[in-house]
Structure formats: C-alpha cells, structure tokens
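Quick look at work33.pdb (PDB, C-alpha atoms, pLDDT in the B column):
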ATOM      1  CA  MET A 169      17.119  21.226 -19.529  1.00 48.00           C
ATOM      2  CA  ALA A 170      18.128  17.766 -18.322  1.00 47.00           C
ATOM      3  CA  ALA A 171      15.794  16.188 -20.899  1.00 48.00           C
ATOM      4  CA  ALA A 172      17.418  18.178 -23.699  1.00 47.00           C
ATOM      5  CA  LEU A 173      20.882  17.115 -22.563  1.00 44.00           C
ATOM      6  CA  GLY A 174      19.723  13.512 -22.366  1.00 48.00           C
ATOM      7  CA  ALA A 175      18.326  13.708 -25.908  1.00 48.00           C
ATOM      8  CA  ARG A 176      21.623  15.120 -27.213  1.00 51.00           C
ATOM      9  CA  GLY A 177      23.512  12.330 -25.455  1.00 54.00           C
ATOM     10  CA  ALA A 178      21.212   9.712 -26.935  1.00 52.00           C
ATOM     11  CA  ARG A 179      21.638  11.235 -30.400  1.00 52.00           C
ATOM     12  CA  GLY A 180      25.423  11.162 -30.002  1.00 49.00           C
ATOM     13  CA  ARG A 181      25.338   7.518 -28.940  1.00 49.00           C
ATOM     14  CA  ALA A 182      23.133   6.676 -31.928  1.00 43.00           C
ATOM     15  CA  LEU A 183      25.537   8.392 -34.333  1.00 41.00           C
ATOM     16  CA  ALA A 184      28.492   6.599 -32.772  1.00 47.00           C
ATOM     17  CA  ALA A 185      26.655   3.279 -33.160  1.00 46.00           C
ATOM     18  CA  LEU A 186      26.008   4.039 -36.823  1.00 44.00           C
ATOM     19  CA  ARG A 187      29.675   4.826 -37.408  1.00 45.00           C
ATOM     20  CA  GLY A 188      30.632   1.594 -35.655  1.00 49.00           C
ATOM     21  CA  GLY A 189      28.113  -0.258 -37.830  1.00 46.00           C
ATOM     22  CA  ALA A 190      29.794   1.090 -40.951  1.00 41.00           C
ATOM     23  CA  ARG A 191      33.123  -0.261 -39.708  1.00 40.00           C
ATOM     24  CA  ARG A 192      31.546  -3.649 -39.003  1.00 46.00           C
ATOM     25  CA  LEU A 193      30.070  -3.654 -42.517  1.00 45.00           C
ATOM     26  CA  ALA A 194      33.483  -3.052 -44.032  1.00 40.00           C
ATOM     27  CA  ASP A 195      34.942  -5.853 -41.904  1.00 47.00           C
ATOM     28  CA  LYS A 196      32.284  -8.251 -43.189  1.00 49.00           C
ATOM     29  CA  SER A 197      32.620  -7.419 -46.880  1.00 54.00           C
ATOM     30  CA  SER A 198      34.455 -10.686 -47.580  1.00 62.00           C
ATOM     31  CA  ASP A 199      31.508 -12.550 -46.084  1.00 68.00           C
ATOM     32  CA  SER A 200      29.188 -11.083 -48.719  1.00 70.00           C
ATOM     33  CA  GLN A 201      30.976 -12.708 -51.657  1.00 84.00           C
ATOM     34  CA  LEU A 202      29.246 -15.557 -53.430  1.00 87.00           C
ATOM     35  CA  LEU A 203      30.189 -19.044 -52.284  1.00 85.00           C
ATOM     36  CA  THR A 204      32.755 -20.740 -54.499  1.00 86.00           C
ATOM     37  CA  ALA A 205      31.853 -24.053 -56.124  1.00 86.00           C
ATOM     38  CA  GLU A 206      34.009 -25.892 -53.579  1.00 87.00           C
ATOM     39  CA  GLU A 207      32.441 -24.071 -50.609  1.00 85.00           C
ATOM     40  CA  ARG A 208      28.992 -24.662 -52.043  1.00 85.00           C
ATOM     41  CA  ASN A 209      29.550 -28.418 -52.420  1.00 84.00           C
ATOM     42  CA  GLN A 210      30.814 -28.925 -48.870  1.00 87.00           C
ATOM     43  CA  ILE A 211      28.772 -26.399 -46.916  1.00 85.00           C
ATOM     44  CA  LEU A 212      25.444 -26.941 -48.628  1.00 88.00           C
ATOM     45  CA  LEU A 213      25.781 -30.672 -48.127  1.00 89.00           C
ATOM     46  CA  ASP A 214      25.972 -30.091 -44.376  1.00 89.00           C
ATOM     47  CA  LEU A 215      23.017 -27.707 -44.421  1.00 91.00           C
ATOM     48  CA  LYS A 216      20.941 -30.076 -46.550  1.00 91.00           C
ATOM     49  CA  GLU A 217      21.555 -32.821 -43.990  1.00 91.00           C
ATOM     50  CA  ALA A 218      20.068 -30.424 -41.417  1.00 92.00           C
ATOM     51  CA  GLY A 219      16.937 -29.991 -43.547  1.00 94.00           C
ATOM     52  CA  TRP A 220      17.755 -26.904 -45.620  1.00 95.00           C
ATOM     53  CA  SER A 221      16.936 -27.031 -49.328  1.00 93.00           C
ATOM     54  CA  GLU A 222      18.151 -25.057 -52.324  1.00 91.00           C
ATOM     55  CA  LEU A 223      15.473 -23.086 -54.107  1.00 92.00           C
ATOM     56  CA  SER A 224      15.221 -23.833 -57.813  1.00 91.00           C
ATOM     57  CA  GLU A 225      13.965 -20.381 -58.803  1.00 92.00           C
ATOM     58  CA  ARG A 226      16.815 -18.407 -57.202  1.00 91.00           C
ATOM     59  CA  ASP A 227      20.188 -18.795 -55.487  1.00 88.00           C
ATOM     60  CA  ALA A 228      18.879 -19.208 -51.945  1.00 91.00           C
ATOM     61  CA  ILE A 229      18.313 -21.789 -49.237  1.00 93.00           C
ATOM     62  CA  TYR A 230      15.051 -22.446 -47.395  1.00 96.00           C
ATOM     63  CA  LYS A 231      13.826 -24.255 -44.304  1.00 96.00           C
ATOM     64  CA  GLU A 232      10.581 -24.458 -42.366  1.00 97.00           C
ATOM     65  CA  PHE A 233      10.609 -24.809 -38.591  1.00 96.00           C
ATOM     66  CA  SER A 234       7.741 -26.000 -36.399  1.00 96.00           C
ATOM     67  CA  PHE A 235       7.425 -25.268 -32.684  1.00 96.00           C
ATOM     68  CA  LYS A 236       4.980 -26.211 -29.934  1.00 96.00           C
ATOM     69  CA  ASN A 237       3.187 -22.876 -30.048  1.00 96.00           C
ATOM     70  CA  PHE A 238       3.386 -19.247 -31.107  1.00 97.00           C
ATOM     71  CA  ASN A 239       5.445 -18.211 -28.063  1.00 96.00           C
ATOM     72  CA  GLN A 240       8.203 -20.661 -28.946  1.00 96.00           C
ATOM     73  CA  ALA A 241       8.147 -19.617 -32.601  1.00 96.00           C
ATOM     74  CA  PHE A 242       8.320 -15.940 -31.688  1.00 96.00           C
ATOM     75  CA  GLY A 243      11.085 -16.541 -29.137  1.00 95.00           C
ATOM     76  CA  PHE A 244      13.084 -18.342 -31.818  1.00 96.00           C
ATOM     77  CA  MET A 245      12.526 -15.478 -34.253  1.00 95.00           C
ATOM     78  CA  SER A 246      13.653 -12.983 -31.605  1.00 95.00           C
ATOM     79  CA  ARG A 247      16.928 -14.848 -31.056  1.00 95.00           C
ATOM     80  CA  VAL A 248      17.532 -15.023 -34.801  1.00 95.00           C
ATOM     81  CA  ALA A 249      16.666 -11.327 -35.192  1.00 95.00           C
ATOM     82  CA  LEU A 250      19.263 -10.326 -32.583  1.00 95.00           C
ATOM     83  CA  GLN A 251      21.958 -12.351 -34.347  1.00 93.00           C
ATOM     84  CA  ALA A 252      20.879 -11.027 -37.744  1.00 92.00           C
ATOM     85  CA  GLU A 253      21.307  -7.474 -36.491  1.00 92.00           C
ATOM     86  CA  LYS A 254      24.677  -8.341 -35.011  1.00 93.00           C
ATOM     87  CA  ILE A 255      26.034  -9.648 -38.318  1.00 88.00           C
ATOM     88  CA  ASN A 256      23.960  -7.223 -40.412  1.00 88.00           C
ATOM     89  CA  HIS A 257      22.341  -9.969 -42.448  1.00 88.00           C
ATOM     90  CA  HIS A 258      18.587 -10.373 -42.333  1.00 89.00           C
ATOM     91  CA  PRO A 259      16.502 -13.369 -43.329  1.00 92.00           C
ATOM     92  CA  GLU A 260      13.388 -13.387 -45.431  1.00 93.00           C
ATOM     93  CA  TRP A 261      10.854 -15.075 -43.221  1.00 95.00           C
ATOM     94  CA  PHE A 262       7.200 -15.779 -42.714  1.00 96.00           C
ATOM     95  CA  ASN A 263       5.451 -16.816 -39.514  1.00 96.00           C
ATOM     96  CA  VAL A 264       1.994 -18.248 -38.871  1.00 97.00           C
ATOM     97  CA  TYR A 265       1.292 -19.467 -35.338  1.00 96.00           C
ATOM     98  CA  ASN A 266       3.931 -22.148 -34.646  1.00 96.00           C
ATOM     99  CA  LYS A 267       5.527 -22.280 -38.103  1.00 97.00           C
ATOM    100  CA  VAL A 268       8.477 -20.176 -39.277  1.00 97.00           C
ATOM    101  CA  GLN A 269       9.637 -20.306 -42.895  1.00 97.00           C
ATOM    102  CA  ILE A 270      13.095 -18.883 -43.567  1.00 96.00           C
ATOM    103  CA  THR A 271      14.820 -18.073 -46.858  1.00 96.00           C
ATOM    104  CA  LEU A 272      18.448 -16.973 -46.878  1.00 94.00           C
ATOM    105  CA  THR A 273      20.243 -15.224 -49.726  1.00 92.00           C
ATOM    106  CA  SER A 274      22.541 -12.217 -50.045  1.00 89.00           C
ATOM    107  CA  HIS A 275      20.879  -9.515 -52.091  1.00 86.00           C
ATOM    108  CA  ASP A 276      24.040  -7.410 -52.245  1.00 82.00           C
ATOM    109  CA  CYS A 277      25.942 -10.093 -54.165  1.00 82.00           C
ATOM    110  CA  GLY A 278      22.996 -11.807 -55.836  1.00 83.00           C
ATOM    111  CA  GLY A 279      23.125 -15.260 -54.263  1.00 87.00           C
ATOM    112  CA  LEU A 280      24.413 -17.429 -51.461  1.00 89.00           C
ATOM    113  CA  SER A 281      27.304 -16.064 -49.425  1.00 88.00           C
ATOM    114  CA  ARG A 282      29.229 -16.964 -46.291  1.00 90.00           C
ATOM    115  CA  ARG A 283      26.852 -14.736 -44.319  1.00 90.00           C
ATOM    116  CA  ASP A 284      23.959 -16.976 -45.343  1.00 91.00           C
ATOM    117  CA  VAL A 285      25.880 -20.002 -44.112  1.00 90.00           C
ATOM    118  CA  GLN A 286      26.833 -18.251 -40.874  1.00 91.00           C
ATOM    119  CA  LEU A 287      23.232 -17.277 -40.194  1.00 93.00           C
ATOM    120  CA  ALA A 288      21.894 -20.726 -41.174  1.00 93.00           C
ATOM    121  CA  ARG A 289      24.262 -22.376 -38.703  1.00 93.00           C
ATOM    122  CA  PHE A 290      23.165 -19.996 -35.957  1.00 94.00           C
ATOM    123  CA  ILE A 291      19.510 -20.644 -36.822  1.00 95.00           C
ATOM    124  CA  GLU A 292      20.087 -24.384 -36.469  1.00 93.00           C
ATOM    125  CA  LYS A 293      21.559 -23.910 -32.999  1.00 92.00           C
ATOM    126  CA  ALA A 294      18.804 -21.506 -31.963  1.00 92.00           C
ATOM    127  CA  SER A 295      16.079 -23.919 -33.067  1.00 92.00           C
ATOM    128  CA  VAL A 296      17.414 -26.627 -30.766  1.00 87.00           C
ATOM    129  CA  PHE A 297      17.298 -24.427 -27.652  1.00 78.00           C
ATOM    130  CA  VAL A 298      13.665 -23.355 -27.919  1.00 70.00           C
TER     131      VAL A 298
END

Encoding of this model in structure tokens:
Amino acid sequence: MAAALGARGARGRALAALRGGARRLADKSSDSQLLTAEERNQILLDLKEAGWSELSERDAIYKEFSFKNFNQAFGFMSRVALQAEKINHHPEWFNVYNKVQITLTSHDCGGLSRRDVQLARFIEKASVFV
C-alpha cells in the first residue's frame, strides 16, 4: 500500500515538473530567436577569441576540448548536461577518451540563437574548472 502511494506521489511530482518545464520553455522563447547581425558580430567575435569556430556547412558553432583523462572529460560533460537540462538546450557532442567535440545550434529556429551563446559561455566556464 505504501509503495503504491509513493508511486502516485512520484507520478504527481513528475507531472508537476513537466508543467513547470512548459512554463520555463515559454519564458525562454525569446532566447530561441536567431541572432541578429549586430549580435552575431559582437558575440561571435568573443566566442571565436575563446576558440569557437563557425561551421561553413550550417549555422552553428563548434569547439573541441581536451582534458587530462576520461574522468575529467566525463565530469565536464556532466556539468554541461546539467546546465543544458536547466535551460532546455542540448548540445550535439562527441566524446572519445579525453576529447569532447561540441556543436551548438538551435534546431527550433534553424541556426544560432541566444541559447547557443548562453550555453557556449557556460561551457567555457565549466571547462576551466575541470
């Protein structure tokens, strides 16, 4: 009986979290608009100085990170994953041993958005504290 009540409580909490997620998505809709030309010029310049590059085949930015070992790479990816969930924006990435390759773009608007910039800035900070 207690297990059934616990399962119902967990289900209710999960539904409440989903409803809250929908509200957060609506709040972030302005972040999923394409960068303006002015934003692109200023912001991408800063990101390029940090080692990010624009991809020629699509409207996205890319960077490869190297760490001492797999544990550091995976720890970095875990920190980024938690932030990505928080802002509901997920990177395209690839990991082999101590290397992590990350591509950022917003599929919902078809190119670079403020969410990509926000996540790229977080990724830069996270890579320093590994």

Going by the chain IDs and residue numbers used in this file, which residues fall under the PyMOL selection byres ((chain A and resi 232) around 10)? Write them as a list in words.
Gly219, Trp220, Ser221, Tyr230, Lys231, Phe233, Ser234, Trp261, Phe262, Asn263, Lys267, Val268, Gln269, Ile270 and Thr271 of chain A

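Each of A:Ala249, A:Glu292, A:Val264, A:Lys216 was compared to A:Asn237 using only C-alpha atoms, and A:Val264 turns out to be the nearest.
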
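Minimum distance to A:Lys236 across A:Glu260, A:Gly278, A:Val248, A:Asn266 (counting all atoms listed in the file) occurs at A:Asn266.
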
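One distance worth recording is that between atom CA of A:Phe244 and atom CA of A:His275, which is 23.4 Å.
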
Just so the selection is clear, what residues does the PyMOL selection byres ((chain A and resi 258) around 12) cover here, as a PyMOL selection string?
chain A and resi 245+248-257+259-261+270-276+283-284+286-288+291

Interatomic distance between atom CA of A:Val296 and atom CA of A:Tyr265?
18.2 Å

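Across the structure, atom CA of A:Asp227 and atom CA of A:Gly279 are spaced 4.8 Å apart.
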
Carefully work through the PyMOL selection byres ((chain A and resi 282) around 8) for this structure and note down the residues it includes, as JSON, numbers by chain.
{"A": [199, 200, 201, 202, 203, 280, 281, 283, 284, 285, 286]}

With all atoms listed in the file as the atoms that count, which of A:Leu213, A:Val298, A:Ala218, A:Cys277 lies nearest to A:Ser246?
A:Val298

Where atoms are missing, can you supply N, CA, C and O atoms for stretch 276-296 of chain A and output the lot as a PDB file, keeping the file's coordinate frame?
ATOM      1  N   ASP A 276      22.962  -8.297 -51.786  1.00 82.00           N
ATOM      2  CA  ASP A 276      24.040  -7.410 -52.245  1.00 82.00           C
ATOM      3  C   ASP A 276      24.984  -8.083 -53.239  1.00 82.00           C
ATOM      4  O   ASP A 276      25.626  -7.419 -54.035  1.00 82.00           O
ATOM      5  N   CYS A 277      25.075  -9.414 -53.198  1.00 82.00           N
ATOM      6  CA  CYS A 277      25.942 -10.093 -54.165  1.00 82.00           C
ATOM      7  C   CYS A 277      25.148 -11.018 -55.089  1.00 82.00           C
ATOM      8  O   CYS A 277      25.715 -11.694 -55.936  1.00 82.00           O
ATOM      9  N   GLY A 278      23.844 -11.066 -54.913  1.00 83.00           N
ATOM     10  CA  GLY A 278      22.996 -11.807 -55.836  1.00 83.00           C
ATOM     11  C   GLY A 278      22.978 -13.309 -55.674  1.00 83.00           C
ATOM     12  O   GLY A 278      22.768 -14.028 -56.646  1.00 83.00           O
ATOM     13  N   GLY A 279      23.183 -13.821 -54.465  1.00 87.00           N
ATOM     14  CA  GLY A 279      23.125 -15.260 -54.263  1.00 87.00           C
ATOM     15  C   GLY A 279      23.619 -15.648 -52.890  1.00 87.00           C
ATOM     16  O   GLY A 279      23.683 -14.827 -51.975  1.00 87.00           O
ATOM     17  N   LEU A 280      23.975 -16.912 -52.752  1.00 89.00           N
ATOM     18  CA  LEU A 280      24.413 -17.429 -51.461  1.00 89.00           C
ATOM     19  C   LEU A 280      25.831 -16.982 -51.131  1.00 89.00           C
ATOM     20  O   LEU A 280      26.735 -17.069 -51.958  1.00 89.00           O
ATOM     21  N   SER A 281      26.000 -16.528 -49.892  1.00 88.00           N
ATOM     22  CA  SER A 281      27.304 -16.064 -49.425  1.00 88.00           C
ATOM     23  C   SER A 281      27.634 -16.725 -48.087  1.00 88.00           C
ATOM     24  O   SER A 281      26.805 -17.443 -47.517  1.00 88.00           O
ATOM     25  N   ARG A 282      28.816 -16.431 -47.594  1.00 90.00           N
ATOM     26  CA  ARG A 282      29.229 -16.964 -46.291  1.00 90.00           C
ATOM     27  C   ARG A 282      28.316 -16.465 -45.171  1.00 90.00           C
ATOM     28  O   ARG A 282      28.108 -17.145 -44.185  1.00 90.00           O
ATOM     29  N   ARG A 283      27.772 -15.251 -45.348  1.00 90.00           N
ATOM     30  CA  ARG A 283      26.852 -14.736 -44.319  1.00 90.00           C
ATOM     31  C   ARG A 283      25.596 -15.580 -44.228  1.00 90.00           C
ATOM     32  O   ARG A 283      25.062 -15.789 -43.148  1.00 90.00           O
ATOM     33  N   ASP A 284      25.126 -16.094 -45.363  1.00 91.00           N
ATOM     34  CA  ASP A 284      23.959 -16.976 -45.343  1.00 91.00           C
ATOM     35  C   ASP A 284      24.274 -18.248 -44.565  1.00 91.00           C
ATOM     36  O   ASP A 284      23.471 -18.717 -43.760  1.00 91.00           O
ATOM     37  N   VAL A 285      25.448 -18.775 -44.808  1.00 90.00           N
ATOM     38  CA  VAL A 285      25.880 -20.002 -44.112  1.00 90.00           C
ATOM     39  C   VAL A 285      26.023 -19.729 -42.621  1.00 90.00           C
ATOM     40  O   VAL A 285      25.558 -20.512 -41.791  1.00 90.00           O
ATOM     41  N   GLN A 286      26.647 -18.614 -42.277  1.00 91.00           N
ATOM     42  CA  GLN A 286      26.833 -18.251 -40.874  1.00 91.00           C
ATOM     43  C   GLN A 286      25.480 -18.126 -40.174  1.00 91.00           C
ATOM     44  O   GLN A 286      25.291 -18.658 -39.080  1.00 91.00           O
ATOM     45  N   LEU A 287      24.539 -17.449 -40.810  1.00 93.00           N
ATOM     46  CA  LEU A 287      23.232 -17.277 -40.194  1.00 93.00           C
ATOM     47  C   LEU A 287      22.472 -18.606 -40.136  1.00 93.00           C
ATOM     48  O   LEU A 287      21.818 -18.906 -39.135  1.00 93.00           O
ATOM     49  N   ALA A 288      22.565 -19.423 -41.174  1.00 93.00           N
ATOM     50  CA  ALA A 288      21.894 -20.726 -41.174  1.00 93.00           C
ATOM     51  C   ALA A 288      22.408 -21.597 -40.036  1.00 93.00           C
ATOM     52  O   ALA A 288      21.624 -22.271 -39.350  1.00 93.00           O
ATOM     53  N   ARG A 289      23.696 -21.581 -39.805  1.00 93.00           N
ATOM     54  CA  ARG A 289      24.262 -22.376 -38.703  1.00 93.00           C
ATOM     55  C   ARG A 289      23.769 -21.862 -37.353  1.00 93.00           C
ATOM     56  O   ARG A 289      23.455 -22.652 -36.461  1.00 93.00           O
ATOM     57  N   PHE A 290      23.702 -20.548 -37.201  1.00 94.00           N
ATOM     58  CA  PHE A 290      23.165 -19.996 -35.957  1.00 94.00           C
ATOM     59  C   PHE A 290      21.695 -20.387 -35.794  1.00 94.00           C
ATOM     60  O   PHE A 290      21.260 -20.769 -34.707  1.00 94.00           O
ATOM     61  N   ILE A 291      20.937 -20.308 -36.864  1.00 95.00           N
ATOM     62  CA  ILE A 291      19.510 -20.644 -36.822  1.00 95.00           C
ATOM     63  C   ILE A 291      19.330 -22.087 -36.378  1.00 95.00           C
ATOM     64  O   ILE A 291      18.440 -22.399 -35.570  1.00 95.00           O
ATOM     65  N   GLU A 292      20.161 -22.981 -36.888  1.00 93.00           N
ATOM     66  CA  GLU A 292      20.087 -24.384 -36.469  1.00 93.00           C
ATOM     67  C   GLU A 292      20.294 -24.522 -34.961  1.00 93.00           C
ATOM     68  O   GLU A 292      19.547 -25.225 -34.285  1.00 93.00           O
ATOM     69  N   LYS A 293      21.302 -23.843 -34.443  1.00 92.00           N
ATOM     70  CA  LYS A 293      21.559 -23.910 -32.999  1.00 92.00           C
ATOM     71  C   LYS A 293      20.406 -23.307 -32.205  1.00 92.00           C
ATOM     72  O   LYS A 293      19.984 -23.862 -31.199  1.00 92.00           O
ATOM     73  N   ALA A 294      19.900 -22.177 -32.668  1.00 92.00           N
ATOM     74  CA  ALA A 294      18.804 -21.506 -31.963  1.00 92.00           C
ATOM     75  C   ALA A 294      17.544 -22.356 -31.948  1.00 92.00           C
ATOM     76  O   ALA A 294      16.804 -22.353 -30.963  1.00 92.00           O
ATOM     77  N   SER A 295      17.306 -23.110 -33.005  1.00 92.00           N
ATOM     78  CA  SER A 295      16.079 -23.919 -33.067  1.00 92.00           C
ATOM     79  C   SER A 295      16.102 -25.079 -32.072  1.00 92.00           C
ATOM     80  O   SER A 295      15.053 -25.541 -31.636  1.00 92.00           O
ATOM     81  N   VAL A 296      17.282 -25.515 -31.706  1.00 87.00           N
ATOM     82  CA  VAL A 296      17.414 -26.627 -30.766  1.00 87.00           C
ATOM     83  C   VAL A 296      17.107 -26.180 -29.331  1.00 87.00           C
ATOM     84  O   VAL A 296      16.573 -26.930 -28.532  1.00 87.00           O
TER      85      VAL A 296
END
